[in-house]
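**Student:** Just dropping this structure here.
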Amino acid sequence: MLAVFDQAVAKGPEALKNLDTDSAPFSALRDGSFIKYFNSIQPDSVTLNFGSSGFIAYSSHGQNPVLPRLFSVVDDIFCLFQGHIENIAPLKQQYGMTKKANEVGIVIEAYRTLRDRGPYPADHVVRDINGKFAFVLYDRTSESVFTAGDADGSVPFFWGMDSDNNLVFSDDEVVVKKACGKSFAPFPKGCFFTSSRGLRSFEFPRKELKATPWVDSLGEVCGAIFMVDELSRKETGMARVGSASNWSSQY
């Protein structure tokens with residue numbers, strides 16, 4: 001799976017950007033060359049273009065049958081999901097979904113609950129999902145991005161920043177490195193990212209995250225990994241606001 005978003009839609013953390021000026025070879029959104037590259041290595045891929053905001057692409061080619069890739073769109077909410085949810089039955093009941101609902105449908109419904117002022121903060125909702133997973137969600141109406149990976153990093157999931165600081169997500173390390181050069185790293189375990197509040201831990205929501213340079217398998221210093229700072233503490237939670245406001249602008 002692959003998702004690229006303009007920095008105006010999803011601004012990545014500065015620490016993810018490698019200081020080497022030549023580390024990000026090109027813009028993943030400029031001239032369409034990057035999506036052509038992805039299509040060339042995934043010939044059965046499907047691409048959804050959101051104009052200047054970015055795009056999502058996915059393919060079932062070469063997927064792990066134990067951790068399948070799923071895609072769905074509901075009311076202009078687009079979601080790519082890889083993996084499986086172990087407590088899918090109680091989550092269906094919690095969100096009032098039918099027995100036929102699958103993992104990607106649950107993530108979309110969970111997001112809609114949050115966006116429309118659900119009773120729990122986002123870290124509670126993500127923490128309620130038990131299983132092996134990574135997902136990327138884009139709300140076209142509010143131009144909001146919501147991504148997460150499970151606490152064990154069970155699904156390969158990478159992110160990075162290209163030469164124009166666009167944010168790139170994929171389960172394929174080679175694909176992210178193609179766009180971002182050295183400005184990439186594994187997506188942090190047990191964390192979620194939103195357009196409005198950036199990167200946060202859903203395991204330890206009252207702790208800050210600190211960045212540490214990441215060294216890839218070739219021994220090259222690339223982007224950064226983010227770990228919980230045990231000595232930190234911050235206030236969390238979603239403030240109750242006017243009915244005109246929604247989750248995507250508050251969290």
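We name chains A, B, ... following the order of the structure tokens; residues begin at 1 in each chain, and ligands are numbered from 1 as shown.
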Return as a tab-separated table the residues of range 60-95 of chain A lying at most 12 Å from range 158-176 of chain A, together with the closest atom-to-atom pair for each and the distance in Å to one decimal, counting only C-alpha atoms, with rows in chain order and ascending residue number.
**Tutor:**
```
residue	atom	partner	partner_atom	distance
A:Gly62	CA	A:Asp172	CA	11.1
A:Gln63	CA	A:Asp171	CA	10.1
A:Asn64	CA	A:Asp171	CA	11.3
A:Leu67	CA	A:Asp171	CA	11.2
A:Pro68	CA	A:Asp171	CA	11.5
A:Arg69	CA	A:Asp171	CA	10.0
A:Leu80	CA	A:Ser170	CA	10.1
A:Phe81	CA	A:Asp171	CA	10.3
A:Gln82	CA	A:Asp171	CA	8.6
A:Gly83	CA	A:Asp171	CA	11.0
```
**Student:** Next, the residues of the selection above should be written as a PDB file, in the first residue's frame with C-alpha atoms.
**Tutor:**
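The new file part-v3.pdb reads:
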```pdb
ATOM      1  CA  GLY A  62       2.425 -10.227  -3.151  1.00  0.00           C
ATOM      2  CA  GLN A  63       0.428  -9.621   0.009  1.00  0.00           C
ATOM      3  CA  ASN A  64       0.804 -11.759   3.102  1.00  0.00           C
ATOM      4  CA  LEU A  67      -1.956  -9.867   7.011  1.00  0.00           C
ATOM      5  CA  PRO A  68      -4.121  -8.974   3.991  1.00  0.00           C
ATOM      6  CA  ARG A  69      -4.536  -5.489   2.551  1.00  0.00           C
ATOM      7  CA  LEU A  80      -6.156   1.432   3.516  1.00  0.00           C
ATOM      8  CA  PHE A  81      -5.792  -1.288   6.141  1.00  0.00           C
ATOM      9  CA  GLN A  82      -3.322  -4.140   6.422  1.00  0.00           C
ATOM     10  CA  GLY A  83      -3.475  -6.923   9.000  1.00  0.00           C
TER      11      GLY A  83
END
```
**Student:** Determine which residues of range 64-207 of chain A receive a DSSP assignment of strand (DSSP E), computed from the backbone, and state them as a PyMOL selection string.
**Tutor:** chain A and resi 69-74+77-85+131-139+144-149+158-161+167-170+184-186+191-194+198-201
**Student:** For Thr194 in chain A, please output as a PyMOL selection string all residues within 10 Å (counting only C-alpha atoms; exclusion window: fewer than 4 positions along the same chain).
**Tutor:** chain A and resi 9-12+122+137-138+144-148+198-200+248-249+251
**Student:** Just to be explicit: take each residue in the selection above, keep C-alpha atoms, and write the result as a PDB file, in the first residue's frame.
**Tutor:**
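Saved as selection-v3.pdb:
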```pdb
ATOM      1  CA  VAL A   9      -2.611  18.257   4.561  1.00  0.00           C
ATOM      2  CA  ALA A  10      -0.229  16.260   6.757  1.00  0.00           C
ATOM      3  CA  LYS A  11       2.888  17.937   8.115  1.00  0.00           C
ATOM      4  CA  GLY A  12       5.453  15.380   9.275  1.00  0.00           C
ATOM      5  CA  ALA A 122      -8.464   9.068  19.944  1.00  0.00           C
ATOM      6  CA  LEU A 137      -7.127   6.999   6.503  1.00  0.00           C
ATOM      7  CA  TYR A 138      -7.875  10.179   4.555  1.00  0.00           C
ATOM      8  CA  SER A 144      -7.501  15.161   7.461  1.00  0.00           C
ATOM      9  CA  VAL A 145      -5.123  12.208   7.696  1.00  0.00           C
ATOM     10  CA  PHE A 146      -5.244   9.549  10.427  1.00  0.00           C
ATOM     11  CA  THR A 147      -2.699   6.712  10.541  1.00  0.00           C
ATOM     12  CA  ALA A 148      -1.651   4.128  13.136  1.00  0.00           C
ATOM     13  CA  GLY A 198       0.924  15.151  14.691  1.00  0.00           C
ATOM     14  CA  LEU A 199       2.419  11.997  16.193  1.00  0.00           C
ATOM     15  CA  ARG A 200       1.258  10.583  19.521  1.00  0.00           C
ATOM     16  CA  SER A 248     -10.622  16.337  12.965  1.00  0.00           C
ATOM     17  CA  SER A 249     -10.111  19.949  14.005  1.00  0.00           C
ATOM     18  CA  TYR A 251      -7.337  16.167  17.886  1.00  0.00           C
TER      19      TYR A 251
END
```
**Student:** Residues at most 12 Å from Asn49 in chain A, counting only C-alpha atoms, excluding those fewer than 3 positions away in the same chain, as a ChimeraX atom specification?
**Tutor:** /A:2-5,29,32,35,46,52-58,78,138,140
**Student:** Based on the selection just made, write C-alpha atoms of those residues as a tab-separated table (two decimals), in the first residue's frame.
**Tutor:**
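For reference, again_31.tsv as written:
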```tsv
chain	number	residue	atom	x	y	z
A	2	LEU	CA	1.07	3.58	-0.61
A	3	ALA	CA	-0.21	7.00	0.44
A	4	VAL	CA	1.32	10.42	-0.23
A	5	PHE	CA	-0.03	13.68	1.20
A	29	LEU	CA	3.57	14.53	-5.98
A	32	GLY	CA	3.35	11.84	-11.59
A	35	ILE	CA	3.05	6.85	-8.97
A	46	VAL	CA	-5.36	0.94	-8.11
A	52	SER	CA	-2.87	18.66	-4.99
A	53	SER	CA	-3.70	17.03	-1.64
A	54	GLY	CA	-2.12	13.69	-2.56
A	55	PHE	CA	-3.08	10.16	-3.55
A	56	ILE	CA	-3.60	6.61	-2.28
A	57	ALA	CA	-2.56	3.47	-4.17
A	58	TYR	CA	-2.87	-0.17	-3.31
A	78	PHE	CA	-10.79	6.57	2.26
A	138	TYR	CA	-7.88	10.18	4.56
A	140	ARG	CA	-11.45	14.22	1.89
```
**Student:** Based on DSSP run over this structure's backbone, return all residues of range 6-194 of chain A in alpha helix (DSSP H), as a ChimeraX atom specification.
**Tutor:** /A:33-41,88-94,103-115,122-127,173-180
**Student:** Select, from A:Phe204, A:Phe50, A:Phe71, A:Phe187, the residue with the minimum atom-to-atom distance to Asp139 in chain A, counting only C-alpha atoms.
**Tutor:**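 Closest candidate: A:Phe50.
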**Student:** Can you measure CA of Leu91 in chain A to CA of Leu209 in chain A for me? One decimal in Å is fine.
**Tutor:**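 Distance reported for this atom pair: 28.4 Å.
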**Student:** Provide the CA of Met97 in chain A to CA of Asp150 in chain A distance in Å, to one decimal place.
**Tutor:** 22.4 Å
**Student:** Quick one: of A:Val126, A:Val136, A:Leu16, A:Ala28, who's nearest to Cys222 in chain A, counting only C-alpha atoms?
**Tutor:**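 Ranking A:Val126, A:Val136, A:Leu16, A:Ala28 by distance to Cys222 in chain A, first place goes to A:Leu16.
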**Student:** Taking only C-alpha atoms into account, which of A:Pro205, A:Asp75, A:Ala185, A:Gly105 comes nearest Thr141 in chain A?
**Tutor:**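 Using only C-alpha atoms, the shortest distance to Thr141 in chain A belongs to A:Asp75.
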**Student:** Counting only C-alpha atoms, figure out which residue out of A:Gly190, A:Asp76, A:Phe133, A:Ser45 gets nearest to His61 in chain A.
**Tutor:**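 Of all the options, A:Ser45 lies closest to His61 in chain A.
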**Student:** For Ala211 in chain A, which of A:Asp128, A:Asp6, A:Glu230, A:Glu14 is the closest residue, counting only C-alpha atoms?
**Tutor:** A:Glu14
**Student:** Which distance in Å separates CA of Ile108 in chain A and CA of Arg206 in chain A, to one decimal?
**Tutor:** 25.1 Å
